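As provided, model.cif (mmCIF, C-alpha atoms) reads as follows.
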data_coords
#
loop_
_atom_site.label_atom_id
_atom_site.label_comp_id
_atom_site.auth_asym_id
_atom_site.auth_seq_id
_atom_site.Cartn_x
_atom_site.Cartn_y
_atom_site.Cartn_z
CA MET A 1 3.35 -98.71 24.01
CA GLU A 2 3.97 -95.15 22.91
CA THR A 3 7.38 -93.66 23.64
CA SER A 4 7.72 -90.40 25.62
CA THR A 5 8.70 -88.65 22.38
CA GLN A 6 5.49 -89.82 20.68
CA ILE A 7 3.39 -88.77 23.67
CA ILE A 8 4.92 -85.28 23.74
CA ALA A 9 4.50 -84.93 20.00
CA ASP A 10 0.76 -85.67 20.31
CA VAL A 11 0.18 -83.29 23.23
CA ASP A 12 -2.23 -80.42 22.67
CA TRP A 13 -1.09 -77.80 25.17
CA ARG A 14 -4.47 -76.08 24.93
CA GLU A 15 -6.08 -79.22 26.32
CA ILE A 16 -3.63 -79.29 29.23
CA GLU A 17 -4.29 -75.63 30.00
CA ALA A 18 -8.06 -76.18 29.86
CA PHE A 19 -7.73 -79.16 32.22
CA LEU A 20 -5.67 -77.21 34.75
CA VAL A 21 -7.93 -74.17 34.72
CA LEU A 22 -11.14 -76.23 34.99
CA ALA A 23 -9.61 -78.20 37.88
CA GLU A 24 -9.07 -74.86 39.68
CA GLU A 25 -12.39 -73.22 38.83
CA LEU A 26 -14.65 -76.32 38.90
CA HIS A 27 -16.97 -74.37 36.62
CA PHE A 28 -17.01 -74.36 32.81
CA GLY A 29 -18.16 -70.73 32.57
CA ARG A 30 -15.43 -69.35 34.81
CA ALA A 31 -12.83 -71.52 33.09
CA ALA A 32 -13.97 -70.14 29.72
CA GLU A 33 -13.59 -66.57 30.99
CA ARG A 34 -10.03 -67.20 32.17
CA LEU A 35 -9.09 -68.89 28.89
CA HIS A 36 -10.88 -66.21 26.79
CA VAL A 37 -12.85 -68.86 24.87
CA THR A 38 -16.43 -70.07 24.85
CA THR A 39 -17.84 -72.63 27.25
CA ALA A 40 -18.37 -74.98 24.34
CA ARG A 41 -14.69 -74.71 23.43
CA VAL A 42 -13.68 -75.65 27.00
CA SER A 43 -15.96 -78.70 26.84
CA GLN A 44 -14.43 -79.67 23.49
CA LEU A 45 -10.87 -79.39 24.84
CA ILE A 46 -11.69 -81.42 27.96
CA ARG A 47 -13.36 -84.18 25.90
CA GLY A 48 -10.33 -84.31 23.62
CA PHE A 49 -7.98 -84.57 26.62
CA GLU A 50 -10.08 -87.31 28.23
CA GLN A 51 -10.02 -89.26 24.97
CA ARG A 52 -6.25 -88.88 24.86
CA ILE A 53 -5.95 -90.14 28.46
CA GLY A 54 -8.51 -92.90 27.94
CA GLU A 55 -10.79 -92.16 30.90
CA ALA A 56 -12.98 -89.40 32.27
CA LEU A 57 -11.16 -86.77 34.34
CA PHE A 58 -14.21 -84.91 35.67
CA THR A 59 -17.63 -85.88 36.94
CA ARG A 60 -20.16 -83.42 35.53
CA THR A 61 -23.52 -82.56 37.01
CA SER A 62 -25.93 -79.73 36.30
CA ARG A 63 -24.52 -77.82 39.28
CA LYS A 64 -20.84 -78.67 39.63
CA VAL A 65 -17.74 -80.20 38.13
CA ILE A 66 -15.66 -82.57 40.28
CA PRO A 67 -12.34 -84.17 39.32
CA THR A 68 -12.39 -87.95 39.30
CA PRO A 69 -9.74 -89.84 41.30
CA LEU A 70 -7.68 -90.10 38.11
CA GLY A 71 -8.23 -86.40 37.47
CA ARG A 72 -6.98 -85.50 40.94
CA SER A 73 -3.95 -87.75 40.56
CA LEU A 74 -3.11 -86.24 37.16
CA LEU A 75 -3.52 -82.71 38.54
CA VAL A 76 -0.99 -83.35 41.33
CA GLU A 77 1.67 -84.42 38.81
CA LEU A 78 0.80 -82.18 35.88
CA ALA A 79 0.31 -78.76 37.54
CA PRO A 80 3.89 -78.29 38.86
CA ALA A 81 5.38 -79.69 35.64
CA TYR A 82 3.31 -77.24 33.58
CA ARG A 83 4.42 -74.32 35.78
CA ARG A 84 8.07 -75.32 35.37
CA ILE A 85 7.72 -75.50 31.59
CA ALA A 86 5.97 -72.12 31.47
CA ALA A 87 8.67 -70.57 33.70
CA ALA A 88 11.46 -72.05 31.56
CA ILE A 89 9.92 -70.63 28.38
CA ALA A 90 9.42 -67.20 29.98
CA ASN A 91 13.02 -67.20 31.21
CA ALA A 92 14.31 -68.13 27.74
CA GLN A 93 12.25 -65.33 26.19
CA GLN A 94 13.68 -62.87 28.73
CA GLN A 95 17.22 -64.01 27.97
CA ALA A 96 16.54 -63.63 24.26
CA ARG A 97 15.33 -60.06 24.78
CA ILE A 98 18.43 -59.30 26.83
CA SER A 99 20.84 -60.75 24.27
CA THR A 100 19.39 -58.61 21.48
CA ALA A 101 18.84 -55.44 23.53
CA THR A 102 20.94 -52.30 23.38
CA LEU A 103 21.83 -50.58 26.65
CA ARG A 104 21.94 -46.80 26.23
CA VAL A 105 24.52 -45.20 28.52
CA ALA A 106 25.18 -41.48 28.86
CA TYR A 107 27.90 -39.90 30.95
CA LEU A 108 29.08 -36.42 31.81
CA ILE A 109 32.39 -35.48 30.23
CA SER A 110 34.00 -35.21 33.68
CA VAL A 111 33.45 -38.94 34.19
CA GLY A 112 35.95 -39.68 31.44
CA MET A 113 35.77 -41.65 28.20
CA ALA A 114 38.51 -44.10 29.21
CA ARG A 115 36.72 -44.98 32.46
CA VAL A 116 33.38 -45.57 30.72
CA HIS A 117 34.99 -47.61 27.96
CA GLY A 118 36.56 -49.78 30.66
CA TYR A 119 33.09 -50.47 32.06
CA VAL A 120 31.77 -51.26 28.57
CA SER A 121 34.66 -53.63 27.79
CA GLU A 122 34.05 -55.60 30.99
CA PHE A 123 30.32 -55.71 30.24
CA GLU A 124 30.93 -57.00 26.71
CA ARG A 125 33.28 -59.65 28.09
CA VAL A 126 30.49 -61.21 30.17
CA ARG A 127 27.70 -60.43 27.67
CA PRO A 128 29.16 -61.08 24.22
CA GLY A 129 26.72 -60.04 21.54
CA ALA A 130 24.91 -57.51 23.71
CA LEU A 131 25.15 -53.94 22.48
CA VAL A 132 25.99 -50.75 24.37
CA SER A 133 25.64 -47.26 22.96
CA THR A 134 27.47 -44.47 24.80
CA LYS A 135 26.83 -40.75 24.70
CA VAL A 136 29.01 -38.09 26.27
CA LEU A 137 27.29 -35.02 27.71
CA ASN A 138 29.01 -31.67 28.19
CA VAL A 139 26.01 -29.48 28.90
CA GLY A 140 23.92 -30.39 31.90
CA GLY A 141 20.16 -29.82 31.74
CA ARG A 142 17.54 -30.60 34.34
CA PHE A 143 19.00 -32.99 36.89
CA ALA A 144 19.18 -36.49 35.34
CA ALA A 145 17.14 -35.28 32.35
CA PRO A 146 18.33 -38.02 29.93
CA VAL A 147 16.95 -40.83 32.10
CA ARG A 148 13.84 -38.87 33.03
CA ASP A 149 12.90 -38.37 29.39
CA ASN A 150 13.89 -42.00 28.59
CA SER A 151 16.45 -41.01 25.96
CA VAL A 152 19.02 -43.19 27.77
CA ASP A 153 18.78 -46.13 30.16
CA LEU A 154 21.61 -45.12 32.46
CA LEU A 155 23.45 -41.92 33.35
CA LEU A 156 26.90 -41.82 34.94
CA LEU A 157 27.73 -38.65 36.86
CA TRP A 158 29.53 -37.31 39.91
CA LEU A 159 27.31 -36.70 42.92
CA PRO A 160 28.24 -34.36 45.77
CA GLU A 161 26.51 -36.56 48.36
CA HIS A 162 26.42 -40.30 48.96
CA PRO A 163 23.68 -41.86 46.79
CA ARG A 164 21.75 -43.27 49.76
CA ARG A 165 21.22 -39.71 51.04
CA ILE A 166 20.01 -38.45 47.68
CA ALA A 167 17.28 -41.03 47.08
CA GLU A 168 14.86 -39.14 49.36
CA HIS A 169 15.28 -35.99 47.24
CA GLU A 170 14.62 -37.70 43.89
CA PRO A 171 12.03 -40.45 44.52
CA ASP A 172 11.49 -41.21 40.80
CA LEU A 173 15.16 -42.11 40.35
CA GLU A 174 17.29 -45.07 41.40
CA PHE A 175 20.96 -44.71 42.35
CA SER A 176 23.72 -47.29 42.38
CA PRO A 177 26.24 -47.50 45.20
CA PRO A 178 29.31 -45.39 44.33
CA LEU A 179 31.34 -46.93 41.51
CA VAL A 180 34.31 -44.90 42.71
CA SER A 181 34.81 -41.95 45.07
CA HIS A 182 37.41 -39.21 44.68
CA PRO A 183 38.47 -36.21 46.80
CA ARG A 184 37.52 -32.73 45.74
CA ALA A 185 39.73 -30.13 44.17
CA LEU A 186 39.45 -26.40 43.62
CA ALA A 187 39.72 -25.15 40.06
CA VAL A 188 41.02 -21.56 39.83
CA GLY A 189 42.51 -19.31 37.19
CA LEU A 190 46.29 -19.09 36.99
CA ASP A 191 46.24 -15.58 38.51
CA HIS A 192 44.11 -16.62 41.50
CA PRO A 193 45.80 -16.26 44.92
CA LEU A 194 45.51 -20.03 45.49
CA ALA A 195 46.85 -21.08 42.08
CA ALA A 196 50.33 -21.92 43.36
CA GLU A 197 49.19 -23.76 46.50
CA THR A 198 49.66 -27.52 46.86
CA SER A 199 46.43 -27.88 48.83
CA VAL A 200 43.68 -25.81 50.39
CA HIS A 201 41.69 -26.53 53.54
CA ALA A 202 37.91 -26.32 53.49
CA GLU A 203 37.96 -23.55 56.11
CA GLU A 204 39.99 -21.35 53.75
CA LEU A 205 37.08 -21.34 51.28
CA ALA A 206 35.42 -18.68 53.44
CA GLU A 207 38.05 -16.23 52.19
CA TYR A 208 37.14 -16.64 48.51
CA GLU A 209 34.11 -16.67 46.24
CA LEU A 210 32.86 -20.01 44.86
CA TYR A 211 31.16 -20.69 41.56
CA GLN A 212 27.59 -21.66 42.46
CA PRO A 213 25.69 -24.14 40.26
CA PRO A 214 22.71 -22.50 38.51
CA ASP A 215 19.45 -22.35 40.44
CA TRP A 216 17.57 -24.58 38.01
CA LEU A 217 19.41 -27.50 39.61
CA PRO A 218 17.91 -28.96 42.82
CA GLN A 219 18.78 -27.00 45.95
CA TRP A 220 20.24 -30.08 47.65
CA TYR A 221 22.64 -30.42 44.69
CA VAL A 222 23.62 -26.74 44.68
CA ASP A 223 24.37 -26.70 48.41
CA ALA A 224 26.18 -30.05 48.39
CA TRP A 225 28.34 -29.11 45.40
CA ALA A 226 29.21 -25.60 46.54
CA PRO A 227 28.43 -25.50 50.28
CA PRO A 228 27.10 -22.23 51.72
CA GLU A 229 29.40 -22.58 54.73
CA THR A 230 32.57 -24.34 55.83
CA PRO A 231 32.49 -27.43 58.09
CA ALA A 232 33.10 -25.10 61.04
CA GLY A 233 30.18 -22.85 60.06
CA GLN A 234 31.94 -19.93 58.38
CA PRO A 235 29.81 -18.50 55.53
CA ILE A 236 31.11 -18.98 51.99
CA ARG A 237 30.33 -16.43 49.32
CA ARG A 238 28.83 -18.03 46.19
CA ARG A 239 27.90 -16.64 42.79
CA THR A 240 26.52 -18.05 39.56
CA ALA A 241 28.40 -16.57 36.62
CA ALA A 242 26.51 -18.30 33.78
CA PRO A 243 23.13 -19.99 33.29
CA GLU A 244 24.74 -23.21 32.01
CA TRP A 245 26.35 -26.03 33.97
CA SER A 246 29.01 -27.37 31.63
CA LEU A 247 32.78 -27.63 31.91
CA ASP A 248 33.69 -25.20 29.16
CA VAL A 249 31.28 -22.50 30.38
CA VAL A 250 32.25 -22.93 34.04
CA PHE A 251 36.00 -22.91 33.42
CA ASP A 252 35.72 -19.94 31.09
CA ALA A 253 33.98 -18.06 33.90
CA VAL A 254 36.58 -19.25 36.43
CA ALA A 255 39.42 -17.96 34.26
CA ARG A 256 37.70 -14.61 33.63
CA THR A 257 36.05 -13.73 36.93
CA GLY A 258 38.37 -15.02 39.64
CA LEU A 259 35.75 -17.42 40.99
CA ALA A 260 36.88 -20.77 42.40
CA HIS A 261 35.07 -23.93 41.33
CA LEU A 262 34.83 -27.13 43.37
CA THR A 263 35.21 -30.23 41.23
CA VAL A 264 36.63 -33.77 41.31
CA ALA A 265 40.36 -34.19 41.97
CA ASP A 266 41.01 -36.59 39.08
CA LEU A 267 39.45 -34.26 36.50
CA THR A 268 42.71 -34.04 34.56
CA ALA A 269 42.38 -37.74 33.77
CA SER A 270 39.22 -36.90 31.81
CA VAL A 271 39.72 -33.46 30.27
CA SER A 272 42.52 -31.10 29.36
CA LEU A 273 42.66 -27.97 31.51
CA GLN A 274 44.29 -24.91 29.95
CA GLY A 275 44.65 -21.77 32.00
CA ILE A 276 43.27 -23.54 35.07
CA ALA A 277 45.03 -24.75 38.22
CA LEU A 278 43.60 -27.67 40.17
CA ILE A 279 44.33 -27.67 43.92
CA PRO A 280 43.38 -30.59 46.21
CA VAL A 281 40.86 -29.66 48.94
CA VAL A 282 41.20 -31.03 52.47
CA GLY A 283 38.21 -31.29 54.80
CA LEU A 284 35.27 -31.80 52.40
CA PRO A 285 33.47 -35.08 51.66
CA PRO A 286 34.40 -36.74 48.34
CA LEU A 287 32.45 -36.81 45.11
CA HIS A 288 30.87 -40.14 44.19
CA LEU A 289 30.67 -41.53 40.67
CA THR A 290 27.19 -43.01 40.52
CA ALA A 291 24.85 -44.61 38.01
CA VAL A 292 21.35 -43.14 37.86
CA TRP A 293 18.28 -44.58 36.14
CA HIS A 294 14.53 -44.02 36.19
CA ALA A 295 12.62 -46.22 38.61
CA ASP A 296 9.98 -46.95 35.95
CA HIS A 297 12.42 -47.68 33.11
CA VAL A 298 14.74 -50.46 34.24
CA ALA A 299 16.59 -51.86 31.22
CA PRO A 300 17.13 -55.65 31.16
CA LEU A 301 20.90 -55.26 30.89
CA LEU A 302 21.27 -52.60 33.56
CA GLY A 303 22.16 -54.93 36.42
CA THR A 304 24.80 -56.72 34.36
CA PHE A 305 26.41 -53.40 33.40
CA LEU A 306 26.50 -52.20 37.01
CA ASP A 307 28.11 -55.47 38.13
CA ALA A 308 30.76 -55.03 35.42
CA ALA A 309 31.43 -51.44 36.47
CA GLN A 310 31.78 -52.47 40.11
CA ARG A 311 34.32 -55.17 39.17
CA VAL A 312 36.36 -52.64 37.20
CA GLY A 313 36.27 -50.27 40.16
CA ARG A 314 37.42 -52.95 42.61
CA ARG A 315 40.32 -53.93 40.36
CA ALA A 316 41.38 -50.28 40.07
CA MET A 317 41.31 -49.90 43.86
CA ARG A 318 43.45 -53.02 44.31
CA ARG A 319 46.01 -51.71 41.82
CA ALA A 320 46.07 -48.31 43.54
CA GLY A 321 46.47 -49.94 46.95
#
Written as structure tokens, that's how I'd like the structure from this file.
Amino acid sequence: METSTQIIADVDWREIEAFLVLAEELHFGRAAERLHVTTARVSQLIRGFEQRIGEALFTRTSRKVIPTPLGRSLLVELAPAYRRIAAAIANAQQQARISTATLRVAYLISVGMARVHGYVSEFERVRPGALVSTKVLNVGGRFAAPVRDNSVDLLLLWLPEHPRRIAEHEPDLEFSPPLVSHPRALAVGLDHPLAAETSVHAEELAEYELYQPPDWLPQWYVDAWAPPETPAGQPIRRRTAAPEWSLDVVFDAVARTGLAHLTVADLTASVSLQGIALIPVVGLPPLHLTAVWHADHVAPLLGTFLDAAQRVGRRAMRRAG
């Protein structure tokens, strides 16, 4: 009697596939179309499989093909086993693609190199051998441009609204839950009337002029970042002082023009501020650090990276608490 190893070694997987497809179609022509071979080739494969088994598996007439009792019995056992083998191979191929893939991550400079490197280190701990390339962005272009043009797989940035509220504005993008949320602060020049204050309330913003993000950014973003009115409804004066939306350009304008710029309160952990005072703001919703990717370009490693970033964020919150 042949051993299981000998039987497996002699198996022709093309014969098994032809048997399974013919058992579904019950027609040599349709089976040939599904297998992308000729009808004669299907007949050849079935004859070879029947010889290997030692008995006919189908009853053939001029009009139809019917599995024999042995054919039906073999189908019941073989079909699920074949599907499991195919699924196992597909899963292994997917894992192989993941292990050799490179995840391309971009982040705005205000997110901070140390924070991003913490995410990458945690990711590499759980995915040794996987590669991550990081790219820091200082100049902002069209909203989420790097993921929209597929130059990166993932973009980390501060959002002025909760991600679940933004999804309706940008239907081609996907947003993670906040990785971390921080209060807002007001960046002003050292000669600004608020420069020496320890905090400023949102209602006081009506007395000053805010730096408005450029109008090539989405209107929801402009109004959420630099609101046109206070929570109580007082109008806030806003002005765009430069066509770019980058830290160096914005802070240069803040220092020169007397404008006040709303930003994230922990900005000093990411960049050095010279000639700028940062005052905590009370009464505005926080900024949310969020991962953004294109809905049609989901990298295999993206989910693993987001899980790693969330773990890092939870550990940081526990330490802070």
How close does each residue of region 158-180 of chain A get to region 280-302 of chain A, giving the shortest atom pair and distance in Å to one decimal for every residue with an atom at most 8 Å away, counting only C-alpha atoms, sorted by chain and residue number, as JSON lines?
{"residue": "A:Trp158", "atom": "CA", "partner": "A:Leu289", "partner_atom": "CA", "distance": 4.4}
{"residue": "A:Leu159", "atom": "CA", "partner": "A:His288", "partner_atom": "CA", "distance": 5.1}
{"residue": "A:Pro160", "atom": "CA", "partner": "A:Leu287", "partner_atom": "CA", "distance": 4.9}
{"residue": "A:Glu161", "atom": "CA", "partner": "A:Leu287", "partner_atom": "CA", "distance": 6.8}
{"residue": "A:His162", "atom": "CA", "partner": "A:His288", "partner_atom": "CA", "distance": 6.5}
{"residue": "A:Pro163", "atom": "CA", "partner": "A:Thr290", "partner_atom": "CA", "distance": 7.3}
{"residue": "A:Asp172", "atom": "CA", "partner": "A:Ala295", "partner_atom": "CA", "distance": 5.6}
{"residue": "A:Leu173", "atom": "CA", "partner": "A:His294", "partner_atom": "CA", "distance": 4.6}
{"residue": "A:Glu174", "atom": "CA", "partner": "A:Trp293", "partner_atom": "CA", "distance": 5.4}
{"residue": "A:Phe175", "atom": "CA", "partner": "A:Val292", "partner_atom": "CA", "distance": 4.8}
{"residue": "A:Ser176", "atom": "CA", "partner": "A:Ala291", "partner_atom": "CA", "distance": 5.2}
{"residue": "A:Pro177", "atom": "CA", "partner": "A:Thr290", "partner_atom": "CA", "distance": 6.6}
{"residue": "A:Pro178", "atom": "CA", "partner": "A:Thr290", "partner_atom": "CA", "distance": 5.0}
{"residue": "A:Leu179", "atom": "CA", "partner": "A:Leu289", "partner_atom": "CA", "distance": 5.5}
{"residue": "A:Val180", "atom": "CA", "partner": "A:Leu289", "partner_atom": "CA", "distance": 5.4}
Quiz item: Where does the PyMOL selection byres ((chain A and resi 29) around 12) land in this file, that is, which residues does it pick, as a PyMOL selection string?
Solution: chain A and resi 18+21-22+25-28+30-43+63-65
Just to be explicit: take each residue in the selection above, keep C-alpha atoms, and write the result as a PDB file, in the frame of the given file.
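Saved file selection.pdb follows:
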ATOM      1  CA  ALA A  18      -8.060 -76.180  29.860  1.00  0.00           C
ATOM      2  CA  VAL A  21      -7.930 -74.170  34.720  1.00  0.00           C
ATOM      3  CA  LEU A  22     -11.140 -76.230  34.990  1.00  0.00           C
ATOM      4  CA  GLU A  25     -12.390 -73.220  38.830  1.00  0.00           C
ATOM      5  CA  LEU A  26     -14.650 -76.320  38.900  1.00  0.00           C
ATOM      6  CA  HIS A  27     -16.970 -74.370  36.620  1.00  0.00           C
ATOM      7  CA  PHE A  28     -17.010 -74.360  32.810  1.00  0.00           C
ATOM      8  CA  ARG A  30     -15.430 -69.350  34.810  1.00  0.00           C
ATOM      9  CA  ALA A  31     -12.830 -71.520  33.090  1.00  0.00           C
ATOM     10  CA  ALA A  32     -13.970 -70.140  29.720  1.00  0.00           C
ATOM     11  CA  GLU A  33     -13.590 -66.570  30.990  1.00  0.00           C
ATOM     12  CA  ARG A  34     -10.030 -67.200  32.170  1.00  0.00           C
ATOM     13  CA  LEU A  35      -9.090 -68.890  28.890  1.00  0.00           C
ATOM     14  CA  HIS A  36     -10.880 -66.210  26.790  1.00  0.00           C
ATOM     15  CA  VAL A  37     -12.850 -68.860  24.870  1.00  0.00           C
ATOM     16  CA  THR A  38     -16.430 -70.070  24.850  1.00  0.00           C
ATOM     17  CA  THR A  39     -17.840 -72.630  27.250  1.00  0.00           C
ATOM     18  CA  ALA A  40     -18.370 -74.980  24.340  1.00  0.00           C
ATOM     19  CA  ARG A  41     -14.690 -74.710  23.430  1.00  0.00           C
ATOM     20  CA  VAL A  42     -13.680 -75.650  27.000  1.00  0.00           C
ATOM     21  CA  SER A  43     -15.960 -78.700  26.840  1.00  0.00           C
ATOM     22  CA  ARG A  63     -24.520 -77.820  39.280  1.00  0.00           C
ATOM     23  CA  LYS A  64     -20.840 -78.670  39.630  1.00  0.00           C
ATOM     24  CA  VAL A  65     -17.740 -80.200  38.130  1.00  0.00           C
TER      25      VAL A  65
END
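For the choices A:Thr59, A:Gln44, A:Gln274, A:Gln219, the atom-to-atom distance to Leu190 (chain A) is smallest for A:Gln274 when using only C-alpha atoms.
In terms of minimum interatomic distance to Leu194 (chain A), A:His261 ranks closest within A:Arg148, A:His261, A:Lys135, A:Arg319, counting all atoms listed in the file.
Taking CA of Arg84 (chain A) as the reference point, CA of Pro69 (chain A) is found at 23.7 Å.
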Exercise. Would you kindly return, as number ranges by chain, each protein, DNA or RNA residue with an atom no farther than 6 Å from any atom of region 129-134 of chain A, considering only C-alpha atoms and excluding same-chain residues fewer than 5 positions away?
Key: A: 99, 102-106
Exercise. Run through the PyMOL selection byres ((chain A and resi 205) around 12) on the given coordinates and return the selected residues as a PyMOL selection string.
Key: chain A and resi 185-186+193-194+199-204+206-211+226-238+259-262+281-284
Would you save the residues from that selection as a CSV table (one decimal), in the coordinates of the input, using C-alpha atoms?
chain,number,residue,atom,x,y,z
A,185,ALA,CA,39.7,-30.1,44.2
A,186,LEU,CA,39.4,-26.4,43.6
A,193,PRO,CA,45.8,-16.3,44.9
A,194,LEU,CA,45.5,-20.0,45.5
A,199,SER,CA,46.4,-27.9,48.8
A,200,VAL,CA,43.7,-25.8,50.4
A,201,HIS,CA,41.7,-26.5,53.5
A,202,ALA,CA,37.9,-26.3,53.5
A,203,GLU,CA,38.0,-23.6,56.1
A,204,GLU,CA,40.0,-21.4,53.8
A,206,ALA,CA,35.4,-18.7,53.4
A,207,GLU,CA,38.0,-16.2,52.2
A,208,TYR,CA,37.1,-16.6,48.5
A,209,GLU,CA,34.1,-16.7,46.2
A,210,LEU,CA,32.9,-20.0,44.9
A,211,TYR,CA,31.2,-20.7,41.6
A,226,ALA,CA,29.2,-25.6,46.5
A,227,PRO,CA,28.4,-25.5,50.3
A,228,PRO,CA,27.1,-22.2,51.7
A,229,GLU,CA,29.4,-22.6,54.7
A,230,THR,CA,32.6,-24.3,55.8
A,231,PRO,CA,32.5,-27.4,58.1
A,232,ALA,CA,33.1,-25.1,61.0
A,233,GLY,CA,30.2,-22.8,60.1
A,234,GLN,CA,31.9,-19.9,58.4
A,235,PRO,CA,29.8,-18.5,55.5
A,236,ILE,CA,31.1,-19.0,52.0
A,237,ARG,CA,30.3,-16.4,49.3
A,238,ARG,CA,28.8,-18.0,46.2
A,259,LEU,CA,35.8,-17.4,41.0
A,260,ALA,CA,36.9,-20.8,42.4
A,261,HIS,CA,35.1,-23.9,41.3
A,262,LEU,CA,34.8,-27.1,43.4
A,281,VAL,CA,40.9,-29.7,48.9
A,282,VAL,CA,41.2,-31.0,52.5
A,283,GLY,CA,38.2,-31.3,54.8
A,284,LEU,CA,35.3,-31.8,52.4
Practice problem: Skip Leu45 (chain A) itself and residues of its chain fewer than 5 positions away, then list as a list in words all residues within 9 Å of it, counting all atoms listed in the file. | Solution: Asp12, Arg14, Glu15, Ile16, Ala18, Phe19, Ala40 and Glu50 of chain A
Practice problem: Extract, using all atoms listed in the file, all DNA, RNA and protein residues at most 10 Å from region 113-120 of chain A, discarding same-chain residues fewer than 5 positions from it, and format them as a ChimeraX atom specification. | Solution: /A:105-108,125,131-136,156,269-271,305-313
Store the residues picked out above, limited to C-alpha atoms, as a PDB file, in the frame of the given file.
ATOM      1  CA  VAL A 105      24.520 -45.200  28.520  1.00  0.00           C
ATOM      2  CA  ALA A 106      25.180 -41.480  28.860  1.00  0.00           C
ATOM      3  CA  TYR A 107      27.900 -39.900  30.950  1.00  0.00           C
ATOM      4  CA  LEU A 108      29.080 -36.420  31.810  1.00  0.00           C
ATOM      5  CA  ARG A 125      33.280 -59.650  28.090  1.00  0.00           C
ATOM      6  CA  LEU A 131      25.150 -53.940  22.480  1.00  0.00           C
ATOM      7  CA  VAL A 132      25.990 -50.750  24.370  1.00  0.00           C
ATOM      8  CA  SER A 133      25.640 -47.260  22.960  1.00  0.00           C
ATOM      9  CA  THR A 134      27.470 -44.470  24.800  1.00  0.00           C
ATOM     10  CA  LYS A 135      26.830 -40.750  24.700  1.00  0.00           C
ATOM     11  CA  VAL A 136      29.010 -38.090  26.270  1.00  0.00           C
ATOM     12  CA  LEU A 156      26.900 -41.820  34.940  1.00  0.00           C
ATOM     13  CA  ALA A 269      42.380 -37.740  33.770  1.00  0.00           C
ATOM     14  CA  SER A 270      39.220 -36.900  31.810  1.00  0.00           C
ATOM     15  CA  VAL A 271      39.720 -33.460  30.270  1.00  0.00           C
ATOM     16  CA  PHE A 305      26.410 -53.400  33.400  1.00  0.00           C
ATOM     17  CA  LEU A 306      26.500 -52.200  37.010  1.00  0.00           C
ATOM     18  CA  ASP A 307      28.110 -55.470  38.130  1.00  0.00           C
ATOM     19  CA  ALA A 308      30.760 -55.030  35.420  1.00  0.00           C
ATOM     20  CA  ALA A 309      31.430 -51.440  36.470  1.00  0.00           C
ATOM     21  CA  GLN A 310      31.780 -52.470  40.110  1.00  0.00           C
ATOM     22  CA  ARG A 311      34.320 -55.170  39.170  1.00  0.00           C
ATOM     23  CA  VAL A 312      36.360 -52.640  37.200  1.00  0.00           C
ATOM     24  CA  GLY A 313      36.270 -50.270  40.160  1.00  0.00           C
TER      25      GLY A 313
END
